[in-house]
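For reference, input.pdb (PDB, C-alpha atoms and all ligand atoms):
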```pdb
ATOM      1  CA  ARG A  12     112.782 -23.386-158.423
ATOM      2  CA  ILE A  13     109.832 -25.720-158.479
ATOM      3  CA  ALA A  14     107.807 -27.049-155.549
ATOM      4  CA  TYR A  15     105.271 -29.850-155.392
ATOM      5  CA  VAL A  16     102.049 -28.877-153.598
ATOM      6  CA  ASN A  17      99.091 -31.267-153.476
ATOM      7  CA  GLY A  18      99.393 -32.785-156.914
ATOM      8  CA  LEU A  19     100.882 -29.813-158.746
ATOM      9  CA  TYR A  20     104.394 -28.725-159.629
ATOM     10  CA  VAL A  21     104.406 -24.961-159.192
ATOM     11  CA  PRO A  22     107.011 -22.177-159.213
ATOM     12  CA  HIS A  23     108.538 -22.085-155.731
ATOM     13  CA  ALA A  24     107.907 -18.326-155.391
ATOM     14  CA  GLU A  25     104.181 -18.831-155.955
ATOM     15  CA  ALA A  26     103.766 -22.072-153.985
ATOM     16  CA  GLY A  27     101.498 -21.852-150.971
ATOM     17  CA  VAL A  28      98.975 -23.565-148.742
ATOM     18  CA  HIS A  29      95.800 -22.137-147.234
ATOM     19  CA  ILE A  30      95.949 -19.975-144.084
ATOM     20  CA  GLU A  31      93.658 -22.494-142.357
ATOM     21  CA  ASP A  32      96.108 -25.337-142.968
ATOM     22  CA  ARG A  33      96.643 -27.130-139.676
ATOM     23  CA  GLY A  34     100.371 -27.103-140.281
ATOM     24  CA  PHE A  35     100.224 -23.298-140.128
ATOM     25  CA  GLN A  36      97.644 -23.088-137.317
ATOM     26  CA  PHE A  37      98.842 -25.840-134.979
ATOM     27  CA  ALA A  38     102.136 -27.209-136.333
ATOM     28  CA  ASP A  39      99.948 -30.268-136.964
ATOM     29  CA  GLY A  40     102.297 -31.834-139.456
ATOM     30  CA  VAL A  41     105.366 -33.993-139.908
ATOM     31  CA  TYR A  42     108.352 -33.834-142.226
ATOM     32  CA  GLU A  43     111.462 -35.515-143.535
ATOM     33  CA  VAL A  44     114.748 -34.207-144.908
ATOM     34  CA  CYS A  45     116.528 -36.636-147.184
ATOM     35  CA  GLU A  46     120.026 -36.103-148.525
ATOM     36  CA  ILE A  47     120.660 -36.006-152.270
ATOM     37  CA  LEU A  48     124.069 -37.213-153.426
ATOM     38  CA  ASN A  49     124.988 -36.927-157.115
ATOM     39  CA  GLY A  50     121.286 -36.621-157.870
ATOM     40  CA  HIS A  51     120.370 -39.770-155.903
ATOM     41  CA  LEU A  52     118.235 -40.027-152.763
ATOM     42  CA  VAL A  53     120.169 -41.279-149.746
ATOM     43  CA  ASP A  54     118.371 -43.700-147.409
ATOM     44  CA  GLU A  55     115.002 -43.053-149.035
ATOM     45  CA  THR A  56     113.516 -46.249-147.585
ATOM     46  CA  ARG A  57     114.427 -45.352-144.017
ATOM     47  CA  HIS A  58     113.187 -41.773-144.387
ATOM     48  CA  ILE A  59     109.837 -42.858-145.800
ATOM     49  CA  ASP A  60     109.556 -45.548-143.097
ATOM     50  CA  ARG A  61     110.075 -42.872-140.447
ATOM     51  CA  LEU A  62     107.597 -40.524-142.144
ATOM     52  CA  LEU A  63     104.957 -43.268-142.050
ATOM     53  CA  ARG A  64     105.744 -43.873-138.377
ATOM     54  CA  SER A  65     105.426 -40.154-137.539
ATOM     55  CA  LEU A  66     102.103 -40.021-139.386
ATOM     56  CA  GLY A  67     100.858 -43.139-137.604
ATOM     57  CA  GLU A  68     101.756 -41.750-134.163
ATOM     58  CA  LEU A  69      99.636 -38.672-134.944
ATOM     59  CA  ARG A  70      96.804 -40.644-136.594
ATOM     60  CA  MET A  71      97.395 -38.763-139.800
ATOM     61  CA  ALA A  72      96.824 -40.160-143.274
ATOM     62  CA  MET A  73      99.510 -40.529-145.916
ATOM     63  CA  PRO A  74      98.285 -38.742-149.036
ATOM     64  CA  MET A  75      99.818 -41.237-151.463
ATOM     65  CA  SER A  76     101.623 -44.574-151.670
ATOM     66  CA  ARG A  77     105.304 -44.718-150.801
ATOM     67  CA  ALA A  78     106.091 -45.567-154.408
ATOM     68  CA  ALA A  79     104.214 -42.468-155.595
ATOM     69  CA  LEU A  80     105.995 -40.343-152.986
ATOM     70  CA  GLY A  81     109.327 -41.666-154.241
ATOM     71  CA  VAL A  82     108.355 -40.594-157.768
ATOM     72  CA  VAL A  83     107.384 -37.085-156.578
ATOM     73  CA  MET A  84     110.618 -36.699-154.586
ATOM     74  CA  ARG A  85     112.687 -37.671-157.639
ATOM     75  CA  GLU A  86     110.676 -35.372-159.881
ATOM     76  CA  VAL A  87     111.213 -32.405-157.546
ATOM     77  CA  VAL A  88     114.941 -33.178-157.416
ATOM     78  CA  ARG A  89     115.057 -33.448-161.201
ATOM     79  CA  ARG A  90     113.050 -30.286-161.891
ATOM     80  CA  ASN A  91     115.315 -28.316-159.547
ATOM     81  CA  ARG A  92     118.451 -29.857-161.053
ATOM     82  CA  VAL A  93     119.767 -30.729-157.598
ATOM     83  CA  ARG A  94     122.911 -32.875-157.609
ATOM     84  CA  ASP A  95     123.961 -32.372-154.007
ATOM     85  CA  GLY A  96     121.484 -31.106-151.466
ATOM     86  CA  VAL A  97     118.330 -32.149-149.701
ATOM     87  CA  VAL A  98     114.738 -32.956-150.530
ATOM     88  CA  TYR A  99     112.134 -31.836-147.989
ATOM     89  CA  VAL A 100     108.777 -33.597-147.541
ATOM     90  CA  GLN A 101     106.017 -32.209-145.325
ATOM     91  CA  VAL A 102     102.598 -33.680-144.616
ATOM     92  CA  THR A 103     100.007 -31.810-142.546
ATOM     93  CA  ARG A 104      96.553 -32.870-141.429
ATOM     94  CA  GLY A 105      95.090 -30.532-144.032
ATOM     95  CA  VAL A 106      92.897 -27.465-144.245
ATOM     96  CA  ALA A 107      89.968 -27.044-141.854
ATOM     97  CA  ARG A 108      88.211 -24.332-139.832
ATOM     98  CA  ARG A 109      90.450 -23.612-136.831
ATOM     99  CA  ASP A 110      89.407 -26.108-134.176
ATOM    100  CA  PHE A 111      91.647 -28.140-131.891
ATOM    101  CA  LEU A 112      89.834 -31.389-132.631
ATOM    102  CA  PHE A 113      90.892 -33.359-135.690
ATOM    103  CA  PRO A 114      88.690 -32.520-138.688
ATOM    104  CA  ALA A 115      86.787 -35.338-140.397
ATOM    105  CA  GLY A 116      87.063 -36.045-144.105
ATOM    106  CA  VAL A 117      89.903 -33.634-144.774
ATOM    107  CA  ALA A 118      92.653 -34.477-147.248
ATOM    108  CA  PRO A 119      96.204 -34.125-145.936
ATOM    109  CA  THR A 120      98.477 -31.457-147.403
ATOM    110  CA  LEU A 121     101.666 -32.690-149.066
ATOM    111  CA  VAL A 122     104.537 -30.357-149.936
ATOM    112  CA  VAL A 123     107.857 -31.432-151.456
ATOM    113  CA  THR A 124     110.768 -29.079-152.132
ATOM    114  CA  ALA A 125     114.440 -29.598-152.972
ATOM    115  CA  ARG A 126     117.449 -27.419-152.448
ATOM    116  CA  SER A 127     121.061 -27.595-153.546
ATOM    117  CA  ALA A 128     123.784 -27.524-150.935
ATOM    118  CA  ASP A 129     127.407 -26.489-151.305
ATOM    119  CA  ARG A 130     129.135 -29.801-150.676
ATOM    120  CA  ALA A 131     132.611 -28.258-150.783
ATOM    121  CA  LYS A 132     131.595 -25.782-148.092
ATOM    122  CA  THR A 133     130.164 -28.529-145.873
ATOM    123  CA  GLU A 134     133.381 -30.548-146.311
ATOM    124  CA  LYS A 135     135.377 -27.495-145.304
ATOM    125  CA  THR A 136     133.247 -27.105-142.191
ATOM    126  CA  ALA A 137     133.791 -30.789-141.402
ATOM    127  CA  GLU A 138     137.555 -30.327-141.739
ATOM    128  CA  THR A 139     137.642 -27.716-138.991
ATOM    129  CA  GLY A 140     134.656 -28.960-136.975
ATOM    130  CA  ILE A 141     131.892 -26.947-135.331
ATOM    131  CA  SER A 142     131.198 -25.474-131.909
ATOM    132  CA  VAL A 143     128.117 -26.380-129.883
ATOM    133  CA  ILE A 144     126.544 -24.946-126.762
ATOM    134  CA  THR A 145     124.340 -26.798-124.294
ATOM    135  CA  LEU A 146     120.913 -25.644-123.178
ATOM    136  CA  PRO A 147     118.215 -27.061-120.895
ATOM    137  CA  GLU A 148     115.878 -29.442-122.708
ATOM    138  CA  ASN A 149     112.555 -27.669-123.128
ATOM    139  CA  ARG A 150     110.790 -29.696-125.782
ATOM    140  CA  TRP A 151     107.805 -31.993-125.357
ATOM    141  CA  GLU A 152     108.280 -35.691-124.665
ATOM    142  CA  ARG A 153     107.368 -36.891-128.135
ATOM    143  CA  VAL A 154     110.478 -35.699-129.964
ATOM    144  CA  ASP A 155     110.613 -39.190-131.466
ATOM    145  CA  ILE A 156     107.908 -37.889-133.835
ATOM    146  CA  LYS A 157     109.381 -35.657-136.507
ATOM    147  CA  THR A 158     106.824 -32.852-136.265
ATOM    148  CA  VAL A 159     107.131 -29.381-137.771
ATOM    149  CA  GLY A 160     106.737 -27.943-134.245
ATOM    150  CA  LEU A 161     110.357 -26.818-134.053
ATOM    151  CA  LEU A 162     110.163 -23.530-132.153
ATOM    152  CA  PRO A 163     112.356 -24.740-129.233
ATOM    153  CA  ASN A 164     114.870 -25.964-131.808
ATOM    154  CA  CYS A 165     114.830 -22.559-133.555
ATOM    155  CA  LEU A 166     115.342 -20.762-130.227
ATOM    156  CA  ALA A 167     118.176 -23.096-129.268
ATOM    157  CA  LYS A 168     119.940 -22.696-132.585
ATOM    158  CA  GLU A 169     119.527 -18.920-132.410
ATOM    159  CA  ALA A 170     121.128 -18.988-128.964
ATOM    160  CA  ALA A 171     123.945 -21.085-130.400
ATOM    161  CA  LYS A 172     124.483 -18.575-133.181
ATOM    162  CA  ALA A 173     124.519 -15.686-130.694
ATOM    163  CA  ALA A 174     127.242 -17.561-128.787
ATOM    164  CA  GLY A 175     129.272 -18.080-131.952
ATOM    165  CA  ALA A 176     128.333 -21.767-132.175
ATOM    166  CA  ARG A 177     126.697 -23.750-134.925
ATOM    167  CA  GLU A 178     124.494 -26.169-132.960
ATOM    168  CA  ALA A 179     122.821 -26.449-129.568
ATOM    169  CA  TRP A 180     122.735 -29.697-127.599
ATOM    170  CA  PHE A 181     119.821 -30.109-125.210
ATOM    171  CA  VAL A 182     120.483 -31.341-121.670
ATOM    172  CA  ASP A 183     117.737 -33.152-119.769
ATOM    173  CA  ARG A 184     116.866 -32.618-116.092
ATOM    174  CA  ASP A 185     119.297 -35.348-115.043
ATOM    175  CA  GLY A 186     122.207 -33.642-116.767
ATOM    176  CA  PHE A 187     122.319 -35.944-119.787
ATOM    177  CA  ILE A 188     122.620 -34.706-123.361
ATOM    178  CA  THR A 189     119.555 -35.626-125.384
ATOM    179  CA  GLU A 190     120.346 -34.418-128.907
ATOM    180  CA  GLY A 191     121.049 -31.347-130.986
ATOM    181  CA  GLY A 192     118.528 -28.873-132.365
ATOM    182  CA  SER A 193     118.758 -30.649-135.706
ATOM    183  CA  SER A 194     121.208 -33.491-135.101
ATOM    184  CA  ASN A 195     121.973 -36.453-132.877
ATOM    185  CA  ALA A 196     124.849 -36.144-130.407
ATOM    186  CA  TRP A 197     127.836 -38.461-129.991
ATOM    187  CA  ILE A 198     131.061 -38.506-127.991
ATOM    188  CA  VAL A 199     134.131 -40.705-127.871
ATOM    189  CA  SER A 200     135.406 -41.513-124.386
ATOM    190  CA  ALA A 201     139.064 -41.512-123.356
ATOM    191  CA  THR A 202     138.880 -45.311-123.544
ATOM    192  CA  GLY A 203     137.861 -45.133-127.207
ATOM    193  CA  LEU A 204     134.188 -45.983-126.821
ATOM    194  CA  LEU A 205     131.649 -44.332-129.112
ATOM    195  CA  ILE A 206     128.745 -43.184-126.949
ATOM    196  CA  THR A 207     125.329 -42.034-128.113
ATOM    197  CA  ARG A 208     121.983 -41.868-126.363
ATOM    198  CA  PRO A 209     119.582 -44.767-126.997
ATOM    199  CA  ALA A 210     116.756 -43.799-129.343
ATOM    200  CA  GLU A 211     114.067 -45.183-127.047
ATOM    201  CA  PHE A 212     113.474 -41.933-125.168
ATOM    202  CA  GLY A 213     114.135 -38.225-125.557
ATOM    203  CA  ILE A 214     115.506 -38.106-129.085
ATOM    204  CA  LEU A 215     114.602 -38.498-132.719
ATOM    205  CA  ARG A 216     115.857 -41.784-134.133
ATOM    206  CA  GLY A 217     118.072 -40.092-136.721
ATOM    207  CA  ILE A 218     118.558 -41.968-139.973
ATOM    208  CA  THR A 219     122.166 -40.782-140.065
ATOM    209  CA  ARG A 220     122.523 -42.043-136.481
ATOM    210  CA  THR A 221     121.240 -45.490-137.493
ATOM    211  CA  VAL A 222     123.563 -45.710-140.498
ATOM    212  CA  THR A 223     126.506 -44.367-138.470
ATOM    213  CA  LEU A 224     125.962 -47.174-135.940
ATOM    214  CA  GLU A 225     126.329 -49.620-138.832
ATOM    215  CA  VAL A 226     129.411 -47.817-140.177
ATOM    216  CA  ALA A 227     130.952 -47.987-136.682
ATOM    217  CA  ARG A 228     130.357 -51.741-136.561
ATOM    218  CA  ARG A 229     132.077 -52.170-139.906
ATOM    219  CA  LEU A 230     135.034 -50.080-138.687
ATOM    220  CA  ASN A 231     135.225 -52.287-135.575
ATOM    221  CA  LEU A 232     134.548 -49.307-133.336
ATOM    222  CA  THR A 233     132.882 -50.174-130.059
ATOM    223  CA  VAL A 234     129.607 -48.381-129.475
ATOM    224  CA  GLU A 235     127.771 -47.900-126.215
ATOM    225  CA  GLU A 236     124.190 -46.763-126.641
ATOM    226  CA  ARG A 237     123.605 -45.064-123.313
ATOM    227  CA  PRO A 238     122.876 -41.578-122.032
ATOM    228  CA  PHE A 239     125.979 -39.442-121.496
ATOM    229  CA  SER A 240     126.201 -36.339-119.324
ATOM    230  CA  ARG A 241     127.364 -32.846-120.159
ATOM    231  CA  GLU A 242     130.404 -33.426-117.914
ATOM    232  CA  GLU A 243     131.268 -36.578-119.855
ATOM    233  CA  ALA A 244     130.982 -34.574-123.065
ATOM    234  CA  TYR A 245     133.364 -31.922-121.676
ATOM    235  CA  ALA A 246     135.865 -34.686-120.863
ATOM    236  CA  ALA A 247     135.444 -36.544-124.172
ATOM    237  CA  VAL A 248     138.343 -36.934-126.574
ATOM    238  CA  GLU A 249     136.001 -36.477-129.542
ATOM    239  CA  ALA A 250     132.478 -35.306-130.169
ATOM    240  CA  PHE A 251     130.318 -35.129-133.250
ATOM    241  CA  GLY A 252     126.780 -34.760-134.472
ATOM    242  CA  THR A 253     124.877 -36.629-137.164
ATOM    243  CA  SER A 254     122.163 -35.391-139.522
ATOM    244  CA  ALA A 255     121.030 -36.035-143.077
ATOM    245  CA  SER A 256     121.977 -32.528-144.187
ATOM    246  CA  LEU A 257     125.485 -32.383-142.657
ATOM    247  CA  GLY A 258     126.402 -36.060-142.272
ATOM    248  CA  VAL A 259     128.871 -36.883-139.502
ATOM    249  CA  MET A 260     129.950 -33.426-138.319
ATOM    250  CA  PRO A 261     132.889 -33.156-135.898
ATOM    251  CA  VAL A 262     132.366 -30.997-132.808
ATOM    252  CA  VAL A 263     135.508 -29.295-131.506
ATOM    253  CA  ARG A 264     134.089 -27.042-128.785
ATOM    254  CA  ILE A 265     131.318 -27.554-126.243
ATOM    255  CA  ASP A 266     130.277 -24.465-124.268
ATOM    256  CA  GLY A 267     133.596 -22.898-125.224
ATOM    257  CA  ARG A 268     135.640 -25.822-123.857
ATOM    258  CA  VAL A 269     137.971 -27.426-126.358
ATOM    259  CA  VAL A 270     137.201 -31.076-127.123
ATOM    260  CA  GLY A 271     140.289 -33.299-127.344
ATOM    261  CA  ASP A 272     143.000 -31.457-129.223
ATOM    262  CA  GLY A 273     140.495 -29.051-130.777
ATOM    263  CA  LYS A 274     140.570 -30.804-134.151
ATOM    264  CA  PRO A 275     138.093 -33.266-135.673
ATOM    265  CA  GLY A 276     138.737 -36.690-134.147
ATOM    266  CA  ARG A 277     139.858 -39.857-135.888
ATOM    267  CA  ALA A 278     136.631 -41.750-135.332
ATOM    268  CA  ALA A 279     134.461 -38.891-136.589
ATOM    269  CA  ARG A 280     136.606 -38.449-139.678
ATOM    270  CA  ALA A 281     136.563 -42.171-140.460
ATOM    271  CA  LEU A 282     132.795 -42.386-139.946
ATOM    272  CA  ARG A 283     132.255 -39.387-142.199
ATOM    273  CA  THR A 284     134.424 -40.834-144.964
ATOM    274  CA  GLU A 285     132.820 -44.281-144.837
ATOM    275  CA  PHE A 286     129.233 -43.089-144.448
ATOM    276  CA  HIS A 287     128.141 -43.133-148.084
ATOM    277  CA  LYS A 288     129.555 -46.626-148.573
ATOM    278  CA  VAL A 289     127.007 -47.932-146.088
ATOM    279  CA  ALA A 290     124.044 -45.618-146.717
ATOM    280  CA  GLU A 291     121.458 -46.805-149.229
ATOM    281  CA  ILE A 292     121.843 -44.777-152.418
ATOM    282  CA  ALA A 293     118.678 -45.103-154.500
ATOM    283  CA  PRO A 294     118.749 -45.382-158.286
TER     284      PRO A 294
HETATM  285  N1  LIG B   1     117.393 -34.777-134.121
HETATM  286  C1  LIG B   1     116.675 -33.726-134.526
HETATM  287  C2  LIG B   1     115.904 -32.940-133.536
HETATM  288  C3  LIG B   1     116.651 -33.376-135.895
HETATM  289  O1  LIG B   1     115.926 -32.332-136.313
HETATM  290  C4  LIG B   1     117.433 -34.121-136.815
HETATM  291  C5  LIG B   1     117.502 -33.752-138.260
HETATM  292  N2  LIG B   1     116.277 -33.904-138.916
HETATM  293  C6  LIG B   1     118.158 -35.220-136.333
HETATM  294  C7  LIG B   1     118.118 -35.513-134.977
HETATM  295  C8  LIG B   1     118.961 -36.076-137.254
HETATM  296  O2  LIG B   1     118.127 -36.944-137.984
HETATM  297  P1  LIG B   1     118.540 -37.467-139.424
HETATM  298  O3  LIG B   1     119.858 -38.149-139.278
HETATM  299  O4  LIG B   1     117.460 -38.411-139.799
HETATM  300  O5  LIG B   1     118.621 -36.270-140.315
END
```
Can the structure from this file be put into structure tokens for me?
Ligand code: PMP
Amino acid sequence: RIAYVNGLYVPHAEAGVHIEDRGFQFADGVYEVCEILNGHLVDETRHIDRLLRSLGELRMAMPMSRAALGVVMREVVRRNRVRDGVVYVQVTRGVARRDFLFPAGVAPTLVVTARSADRAKTEKTAETGISVITLPENRWERVDIKTVGLLPNCLAKEAAKAAGAREAWFVDRDGFITEGGSSNAWIVSATGLLITRPAEFGILRGITRTVTLEVARRLNLTVEERPFSREEAYAAVEAFGTSASLGVMPVVRIDGRVVGDGKPGRAARALRTEFHKVAEIAP
């Protein structure tokens, strides 16, 4: 495997950044995960747009133009011979003596890696659906920024695993689901409405979420962007999550309670099937 680190393509096993990198010291960095389908980047434009937004919110510099980043991402995909998988991009504020204040005149660190995924296995998972648990929201307020500070997400997903579930959905103080540890959360009400939390507060504006909203429109499914509670989720006829790495992923159990008939729902299956017809597949 090959990784890109600050201008060089290096063997993955030997790739590294300095111990004083602010990504390592403070989680002072942002990232993107972009799906690769048949060797092509999926929704590259949206992912790079969001990366630039995350950087801007943290007053961090982008180390290269978006065109150059696109070239690097493709090169990493090519050198790793990835057909189906993900490409990972991380930018940190760079290397500086450990001090809370932002360093002056430091070049950002840019790391790009790519990894193959077993598409058949993911499809199999989607055919049966996954279980989720709910946990109290304990992340900071700026989860709209895609930072590498993911410790609460790691803890939540570990708790999910310990409970025999695949994902954890966070619940805010008012009892509303925010999002998953690495996915956005959706339900379908008994009246057939697709419900997902607005991206204005408390969640990451998932790229898969945005595209799924468009897919839903094309399928003439009615969407309500509003917060939904854990109790509403328990009573839903369908539930699913969205993320670049897993796509539209049906949820069949929430906190051990069976959702609907315990099988992936019609809406989730249709959205999953149609997704790549709407997503932007780059040349
Ligand atoms: N929320 C969180 C917290 C995530 O980590 C992710 C996955 N990166 C998502 C939502 C889904 O975002 P996307 O569809 O852009 O992968």
Fill in: Polymer residues at most 10 Å from A:Arg85, all atoms listed in the file, same-chain spacing of 4 or more positions, as JSON, numbers by chain
{"A": [47, 50, 51, 52, 79, 80, 81, 89, 90, 91, 93, 98, 125, 294]}
Practice prompt. Please write the residues picked by the PyMOL selection byres (((chain A and resi 37) around 12) and not hetatm) on this file as a PyMOL selection string.
Written response: chain A and resi 30-36+38-41+103-113+158-162
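Around A:Leu63, within 8 Å and counting only C-alpha atoms, the residues found are Ile59, Gly67 and Met73 of chain A, once anything fewer than 4 positions away on its own chain is removed.
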Using only C-alpha atoms and all ligand atoms, determine which residues fall within 10 Å of ligand LIG 1 (chain B), then list them as a PDB file with C-alpha atoms, keeping the file's coordinate frame.
```
ATOM      1  CA  TYR A  42     108.352 -33.834-142.226  1.00  0.00           C
ATOM      2  CA  GLU A  43     111.462 -35.515-143.535  1.00  0.00           C
ATOM      3  CA  VAL A  44     114.748 -34.207-144.908  1.00  0.00           C
ATOM      4  CA  CYS A  45     116.528 -36.636-147.184  1.00  0.00           C
ATOM      5  CA  GLU A  46     120.026 -36.103-148.525  1.00  0.00           C
ATOM      6  CA  ASP A  54     118.371 -43.700-147.409  1.00  0.00           C
ATOM      7  CA  ARG A  57     114.427 -45.352-144.017  1.00  0.00           C
ATOM      8  CA  HIS A  58     113.187 -41.773-144.387  1.00  0.00           C
ATOM      9  CA  ARG A  61     110.075 -42.872-140.447  1.00  0.00           C
ATOM     10  CA  ARG A 150     110.790 -29.696-125.782  1.00  0.00           C
ATOM     11  CA  VAL A 154     110.478 -35.699-129.964  1.00  0.00           C
ATOM     12  CA  ASP A 155     110.613 -39.190-131.466  1.00  0.00           C
ATOM     13  CA  ILE A 156     107.908 -37.889-133.835  1.00  0.00           C
ATOM     14  CA  LYS A 157     109.381 -35.657-136.507  1.00  0.00           C
ATOM     15  CA  THR A 158     106.824 -32.852-136.265  1.00  0.00           C
ATOM     16  CA  VAL A 159     107.131 -29.381-137.771  1.00  0.00           C
ATOM     17  CA  LEU A 161     110.357 -26.818-134.053  1.00  0.00           C
ATOM     18  CA  PRO A 163     112.356 -24.740-129.233  1.00  0.00           C
ATOM     19  CA  ASN A 164     114.870 -25.964-131.808  1.00  0.00           C
ATOM     20  CA  TRP A 180     122.735 -29.697-127.599  1.00  0.00           C
ATOM     21  CA  PHE A 181     119.821 -30.109-125.210  1.00  0.00           C
ATOM     22  CA  THR A 189     119.555 -35.626-125.384  1.00  0.00           C
ATOM     23  CA  GLU A 190     120.346 -34.418-128.907  1.00  0.00           C
ATOM     24  CA  GLY A 191     121.049 -31.347-130.986  1.00  0.00           C
ATOM     25  CA  GLY A 192     118.528 -28.873-132.365  1.00  0.00           C
ATOM     26  CA  SER A 193     118.758 -30.649-135.706  1.00  0.00           C
ATOM     27  CA  SER A 194     121.208 -33.491-135.101  1.00  0.00           C
ATOM     28  CA  ASN A 195     121.973 -36.453-132.877  1.00  0.00           C
ATOM     29  CA  ALA A 196     124.849 -36.144-130.407  1.00  0.00           C
ATOM     30  CA  GLY A 213     114.135 -38.225-125.557  1.00  0.00           C
ATOM     31  CA  ILE A 214     115.506 -38.106-129.085  1.00  0.00           C
ATOM     32  CA  LEU A 215     114.602 -38.498-132.719  1.00  0.00           C
ATOM     33  CA  ARG A 216     115.857 -41.784-134.133  1.00  0.00           C
ATOM     34  CA  GLY A 217     118.072 -40.092-136.721  1.00  0.00           C
ATOM     35  CA  ILE A 218     118.558 -41.968-139.973  1.00  0.00           C
ATOM     36  CA  THR A 219     122.166 -40.782-140.065  1.00  0.00           C
ATOM     37  CA  ARG A 220     122.523 -42.043-136.481  1.00  0.00           C
ATOM     38  CA  THR A 221     121.240 -45.490-137.493  1.00  0.00           C
ATOM     39  CA  VAL A 222     123.563 -45.710-140.498  1.00  0.00           C
ATOM     40  CA  THR A 223     126.506 -44.367-138.470  1.00  0.00           C
ATOM     41  CA  GLY A 252     126.780 -34.760-134.472  1.00  0.00           C
ATOM     42  CA  THR A 253     124.877 -36.629-137.164  1.00  0.00           C
ATOM     43  CA  SER A 254     122.163 -35.391-139.522  1.00  0.00           C
ATOM     44  CA  ALA A 255     121.030 -36.035-143.077  1.00  0.00           C
ATOM     45  CA  SER A 256     121.977 -32.528-144.187  1.00  0.00           C
ATOM     46  CA  LEU A 257     125.485 -32.383-142.657  1.00  0.00           C
ATOM     47  CA  GLY A 258     126.402 -36.060-142.272  1.00  0.00           C
ATOM     48  CA  VAL A 259     128.871 -36.883-139.502  1.00  0.00           C
TER      49      VAL A 259
END
```
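Minimum atom-to-atom distance to A:Glu211, evaluated using all atoms listed in the file, belongs to A:Glu236 out of A:Glu236, A:Thr133, A:Glu148, A:Val262.
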